[in-house]
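Report on one structure; see the data block that follows.
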Amino acid sequence: MTVDELQQLAVKEQEEKQRYKCCINICVATGCIMCGSDRVKEALEEAVKERGLEKEVLVKGVGCLGLCSAGPMIYIEPDGIIYHKVSPEDAPAIVQGLISTPVERLICSPEMPFFKRQVKIVMENSGIIDPERIEDYIAVGGYQGLVKVLTEMSPSEVIEEVTKSGLRGRGGAGYPTGLKWSTVAKANGARKFVVCNADEGDPGAYMDRTVLESDPHRVIEGMVIAAYAVGAQQGYIYVRAEYPLAIRRLRTAIRQAERLNLLGNNILGTTFSFHIELRIGAGAFVCGEETALIASIEGKRGTPRPRPPYPAEYGLWGYPTLINNVETFANIPAIIRNGGSWFAKIGTEKSKGTKVFALAGRVVNTGLIEVPMGITLREIVFDIGGGIPEGKKFKAVQTGGPSGGCIPEQFLDLPVDYESLTKVGSIMGSGGMIVMDETSCMVDVAKFFVEFCMSESCGKCVPCRVGTSHMYELLRRITNGIATTGDLELLEELCDLVKNASLCGLGQTAPNPVLSTLRYFRHEYEAHILDKNCPAGVCAIQRLEEVPA
Amino acid sequence: MPPALIERPRVAPPSDDKRWRIVEGTMRRHGYQPHALIETLHTVQETFGYIDEDAMRFVAQSLRVPLSQVYGVVTFYHFFTLKPQGEHICVVCLGTACYIKGAPQILEAIERTYGVQPGETTKDGKLSLLAARCLGACGLAPVAVFDGQVVGKLSPEDALKQIRRWENDDGR
């Protein structure tokens with residue numbers, strides 16, 4: 001396929017869509033499928049056929065509409081009506097509603113803050129295009145970034161544009177993407193690789209999976225652009241085995257892109273060639289760390305190695321390798337299409353663009369949101385999230401998963417950006433955001449994360465392997481009510497050691513949940529130790545006489 | 001990527017079970033290169049349900065990887081299992097969102113009722129109980145998977161009801 005043919009295909013697809021009077025978009029990402037959206041889709045198709053409207057109404061499976069707790073979700077174009085909690089029995093009424101008035105009891109107002117307060121870049125096509133059809137992606141301007149790069153820009157211009165955008169790695173650490181790209185581009189190597197890190201292991205986070213399920217071509221386009229910029233010929237997407245639907249859609253997407261010559265040899269008739277292969281993870285959290293991920297792609301145990309040398313210079317099989325997160329790559333097509341300075345206008349001074357968060361826990365609207373950097377936590381939890389259910393009191397919000405920390409009420413007006421979150425002892429992380437209310441015990445939460453890090457520790461370095469297990473034991477003593485104040489001191493000392501002496505990010509950040517809860521909720525620890533009482537009533541405190549001597 | 005190795009004699013599969021051809025297909029597609037180890041093990045587990053010693057020896061010889069390394073990889077990754085699973089599998093998600101919303105109580109109810117710990121199978125081989133790190137369905141927490149069917153917003157009673165359904169089906 002040539003550039004002209006691609007443009008023709010886009011026009012043809014747009015015309016095709018205009019022949020329909022309206023389009024019923026139903027979410028077919030994992031969350032809604034769990035609520036039965038595939039059955040709703042069948043029922044809708046049936047209902048449309050029954051009324052003989054096949055030529056006027058298109059029923060389409062689309063990506064995530066965001067409000068996962070109210071699935072299955074439906075979005076009607078061009079009316080802009082959003083339905084929630086739809087069941088197969090509602091199908092005839094919904095089709096009838098296209099002709100007469102919409103079904104009042106299912107309507108979910110698009111004016112509610114959950115939808116109004118979001119700014120969509122990464123998720124711009126989510127809920128609009130069919131993730132299993134490349135033509136849908138092309139019709140909304142997909143692969144135009146790639147065309148622009150291949151026809152108008154040199155590799156160094158691409159890197160310059162990305163640098164200008166101020167985009168930072170969305171995997172959590174926030175390393176400037178442009179700088180990483182230019183390091184790989186400058187590195188010497190007979191071959192170079194581009195790797196997409198889709199090993200989203202943080203419990204409570206599912207942004208990357210949703211992006212892959214809703215708009216897989218976006219990630220592929222971002223990778224091809226990156227490969228052109230750094231001079232790579234081969235790419236890998238390392239995705240978790242726990243995400244079967246994302247894997248299936250990625251496989252489909254890669255095949256379709258190869259068929260249209262948007263991947264493979266001589267892309268779009270140019271001299272540039274790039275191939276992508278999938279690598280399926282096997283359930284090891286540590287493989288999200290870049291050197292462990294490389295070991296895993298090479299077919300080995302996923303254990304990290306000391307850096308430097310960084311993968312940018314010495315990566316897969318010793319060749320320079322660019323590793324970026326799914327969301328980072330998904331930002332690239334929009335940056336190239338609209339320009340780096342457009343992207344740099346969104347967000348704060350040091351954190352540009354938007355961030356996708358998985359909002360979950362004790363909050364009314366759980367689901368996936370994309371917000372501009374610099375929005376406050378209060379806006380996220382109380383406006384978009386709709387506050388705490390059952391009239392309970394907000395206690396903390398946890399960001400960054402096992403590497404992050406708990407942020408208490410006094411920081412609710414904190415702007416969400418890399419620096420601010422680090423300053424209060426948490427991290428941006430990959431985007432998990434768990435809201436906790438008064439029924440959560442912070443010591444128990446800290447124990448939960450330490451248990452996670454303990455069992456996910458790869459065992460290579462002693463501070464992490466032994467340190468986390470001792471931290472867990474101390475926390476277990478505290479939650480069982482058999483700890484002394486000396487144990488608390490020991491715990492703090494141990495946190496310091498594990499943080500400073502561990503080999504990789506897993507160990508270095510494992511104490512964060514303990515440190516942040518100790519900082520803001522020390523009284524809860526003390527209540528367990530001194531008063532033998534769990535304020536939230538979660539921990540099963542043993543009475544002293546029951547404890548064997 | 002390391003260069004592809006030269007022709008080598010074919011390693012005979014452990015048995016004349018036709019399913020070994022699927023495993024060989026995966027290795028062939030990757031040119032019998034050592035880095036295809038994890039991909040091959042995925043195929044073995046998908047095809048046979050678990051990875052036993054015969055399978056490990058076969059894969060090790062075919063890819064020219066030491067058996068110790070194959071064993072190391074199989075035991076390192078949580079996804080691979082050395083033992084066959086029960087007839088029915090129940091996976092309870094223990095991700096943060098599910099944990100906050102009561103997944104430990106669900107797990108405890110199943111443990112108490114059926115006398116199994118996560119990772120174990122009941123003595124009659126009917127039920128395997130597993131705990132997952134995060135299924136990524138946090139919007140619907142707490143969730144569990146019953147034989148591939150994901151169910152959200154569960155209570156301990158709902159979970160037990162789902163498992164009892166299997167017992168009734170088998171009793172017929």
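Each chain in the structure tokens gets a letter, A, B and so on, in the order shown; residues start at 1 in every chain, and ligands are counted from 1 in the order they appear.
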
Quiz item: Can you list, as a PyMOL selection string, every protein, DNA or RNA residue that comes within 6 Å of Asn25 in chain A when you count only C-alpha atoms, leaving out same-chain residues fewer than 6 positions away?
Solution: chain A and resi 60-62+74-76

Same residues, C-alpha atoms, output as a compact mmCIF listing (two decimals), in the first residue's frame:
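As written to disk, selection-v9.txt reads:
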```txt
# COMPACT_ATOMS: atom_id res chain seq x y z
CA LYS A 60 -20.49 -1.84 16.55
CA GLY A 61 -18.28 -3.28 19.27
CA VAL A 62 -15.95 -0.54 20.55
CA ILE A 74 -23.49 1.99 25.10
CA TYR A 75 -22.74 5.19 23.22
CA ILE A 76 -25.08 6.27 20.43
```

Quiz prompt | Polymer residues at most 6 Å from range 508-524 of chain A, only C-alpha atoms, same-chain spacing of 3 or more positions, as a PyMOL selection string | solution = chain A and resi 403-406+425+446+495+499+502+505+527

Quiz item: Which value, in Å to one decimal, gives the distance between CA of Gly166 in chain A and CA of Phe274 in chain A?
Solution: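 That distance, rounded to one decimal, is 25.9 Å.
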
Write out, as JSON lines, each residue of chain A that has an atom at most 7 Å from chain B, together with the closest pair of atoms and their distance in Å to one decimal, counting only C-alpha atoms, rows going by chain and rising number.
```
{"residue": "A:Gly31", "atom": "CA", "partner": "B:Ala137", "partner_atom": "CA", "distance": 5.9}
{"residue": "A:Met34", "atom": "CA", "partner": "B:Val150", "partner_atom": "CA", "distance": 5.9}
{"residue": "A:Cys68", "atom": "CA", "partner": "B:Gly139", "partner_atom": "CA", "distance": 5.3}
{"residue": "A:Ser69", "atom": "CA", "partner": "B:Gly139", "partner_atom": "CA", "distance": 5.2}
{"residue": "A:Pro203", "atom": "CA", "partner": "B:Gly95", "partner_atom": "CA", "distance": 4.6}
{"residue": "A:Gly204", "atom": "CA", "partner": "B:Thr96", "partner_atom": "CA", "distance": 5.2}
{"residue": "A:Ala205", "atom": "CA", "partner": "B:Gly136", "partner_atom": "CA", "distance": 6.2}
{"residue": "A:Tyr206", "atom": "CA", "partner": "B:Gly136", "partner_atom": "CA", "distance": 4.9}
{"residue": "A:Glu242", "atom": "CA", "partner": "B:Leu135", "partner_atom": "CA", "distance": 6.8}
{"residue": "A:Ala282", "atom": "CA", "partner": "B:Phe79", "partner_atom": "CA", "distance": 4.9}
{"residue": "A:Gly283", "atom": "CA", "partner": "B:Phe79", "partner_atom": "CA", "distance": 5.1}
{"residue": "A:Ala284", "atom": "CA", "partner": "B:Tyr77", "partner_atom": "CA", "distance": 5.6}
{"residue": "A:Glu298", "atom": "CA", "partner": "B:His35", "partner_atom": "CA", "distance": 4.6}
{"residue": "A:Gly299", "atom": "CA", "partner": "B:His35", "partner_atom": "CA", "distance": 4.3}
{"residue": "A:Lys300", "atom": "CA", "partner": "B:Val73", "partner_atom": "CA", "distance": 6.3}
{"residue": "A:Arg301", "atom": "CA", "partner": "B:Val73", "partner_atom": "CA", "distance": 5.1}
{"residue": "A:Trp317", "atom": "CA", "partner": "B:Met1", "partner_atom": "CA", "distance": 6.0}
{"residue": "A:Ala360", "atom": "CA", "partner": "B:Gly139", "partner_atom": "CA", "distance": 5.7}
{"residue": "A:Gly361", "atom": "CA", "partner": "B:Ala97", "partner_atom": "CA", "distance": 4.9}
{"residue": "A:Thr366", "atom": "CA", "partner": "B:Gly139", "partner_atom": "CA", "distance": 4.9}
{"residue": "A:Gly367", "atom": "CA", "partner": "B:Gly139", "partner_atom": "CA", "distance": 5.0}
{"residue": "A:Ile434", "atom": "CA", "partner": "B:Ala97", "partner_atom": "CA", "distance": 6.4}
{"residue": "A:Ser440", "atom": "CA", "partner": "B:Ile100", "partner_atom": "CA", "distance": 6.9}
```

Exercise. Have a look at CA of Ala246 in chain A and CA of Ser37 in chain A and let me know their distance in Å, one decimal.
Key: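 It comes out at 16.5 Å.
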
Exercise. Grab the CA of Pro306 in chain A to CA of Phe285 in chain A distance for me, in Å with one decimal place.
Key: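 Taking CA of Pro306 in chain A and CA of Phe285 in chain A, their separation equals 17.7 Å.
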
Practice problem: Mind the document's chain letters and residue numbers, and return as a PyMOL selection string the residues of range 281-382 of chain A that DSSP labels helix (DSSP H, G or I). | Solution: chain A and resi 285-288+290-297+316-318+326-338+340-344+377-382

Quiz item: If you run DSSP on this backbone, which residues of range 392-505 of chain A come out as strand (DSSP E), and could you give them as number ranges by chain?
Solution: A: 394-399, 405-408, 432-437

Quiz item: What lies within 8 Å of Tyr137 in chain A using only C-alpha atoms, ignoring chain neighbours under 5 positions off, as a list in words?
Solution: Asn125, Ile129, Asp130, Pro131, Gly142, Tyr143, Asp215 and His217 of chain A

Can you write out the residues you just picked, keeping N, CA and C atoms, as a PDB file, in the first residue's frame?
```pdb
ATOM      1  N   ASN A 125      -9.909   7.513  20.811  1.00  0.00           N
ATOM      2  CA  ASN A 125     -10.698   6.644  19.939  1.00  0.00           C
ATOM      3  C   ASN A 125     -11.480   5.581  20.698  1.00  0.00           C
ATOM      4  N   ILE A 129     -14.097   3.649  17.888  1.00  0.00           N
ATOM      5  CA  ILE A 129     -13.713   2.740  16.810  1.00  0.00           C
ATOM      6  C   ILE A 129     -13.792   1.278  17.253  1.00  0.00           C
ATOM      7  N   ASP A 130     -13.930   0.408  16.272  1.00  0.00           N
ATOM      8  CA  ASP A 130     -13.920  -1.027  16.507  1.00  0.00           C
ATOM      9  C   ASP A 130     -12.453  -1.471  16.581  1.00  0.00           C
ATOM     10  N   PRO A 131     -11.994  -1.941  17.743  1.00  0.00           N
ATOM     11  CA  PRO A 131     -10.566  -2.256  17.892  1.00  0.00           C
ATOM     12  C   PRO A 131     -10.105  -3.412  17.006  1.00  0.00           C
ATOM     13  N   GLY A 142      -5.986   7.492  11.770  1.00  0.00           N
ATOM     14  CA  GLY A 142      -4.934   6.581  12.211  1.00  0.00           C
ATOM     15  C   GLY A 142      -3.855   6.403  11.158  1.00  0.00           C
ATOM     16  N   TYR A 143      -2.641   6.192  11.590  1.00  0.00           N
ATOM     17  CA  TYR A 143      -1.443   6.010  10.760  1.00  0.00           C
ATOM     18  C   TYR A 143      -1.074   7.272   9.973  1.00  0.00           C
ATOM     19  N   ASP A 215      -7.729   0.208  21.467  1.00  0.00           N
ATOM     20  CA  ASP A 215      -7.106   0.899  20.337  1.00  0.00           C
ATOM     21  C   ASP A 215      -5.691   0.349  20.077  1.00  0.00           C
ATOM     22  N   HIS A 217      -3.998  -0.426  17.469  1.00  0.00           N
ATOM     23  CA  HIS A 217      -3.211   0.131  16.363  1.00  0.00           C
ATOM     24  C   HIS A 217      -2.451   1.389  16.763  1.00  0.00           C
TER      25      HIS A 217
END
```

Quiz prompt | For range 101-103 of chain A: contacts at 10 Å, only C-alpha atoms, fewer than 5 positions along chain excluded, given as a list in words | solution =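 My reading of the contact set: Asp79, Ile81, Ile82, Tyr83, Asp90, Ala93, Ile94, Val95 and Gln96 of chain A.
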
Quiz prompt | Near-Val59 in chain A list (12 Å; only C-alpha atoms; drop same-chain fewer than 6 positions) as a VMD selection string | solution = chain A and resid 17 20 to 28 38 40 to 49 53 74 to 77 91 94 to 95 128 to 130

Exercise. Select, from B:His88, B:Arg57, B:Arg29, B:Lys161, the residue with the minimum atom-to-atom distance to Thr122 in chain B, counting only C-alpha atoms.
Key: B:His88

Quiz prompt | Best match for closeness to Ala109 in chain B among B:Val11, B:Leu160, B:Leu129, B:Ala144, counting only C-alpha atoms | solution =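 For Ala109 in chain B, the nearest of the given residues is B:Leu160.
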
Exercise. Would you list the contacts of Leu127 in chain B as a list in words, taking every protein, DNA or RNA residue within 6 Å and counting only C-alpha atoms, but skipping same-chain residues closer than 6 positions in sequence?
Key: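 The filter keeps Gly86, Glu87, His88, Ile89 and Thr121 of chain B.
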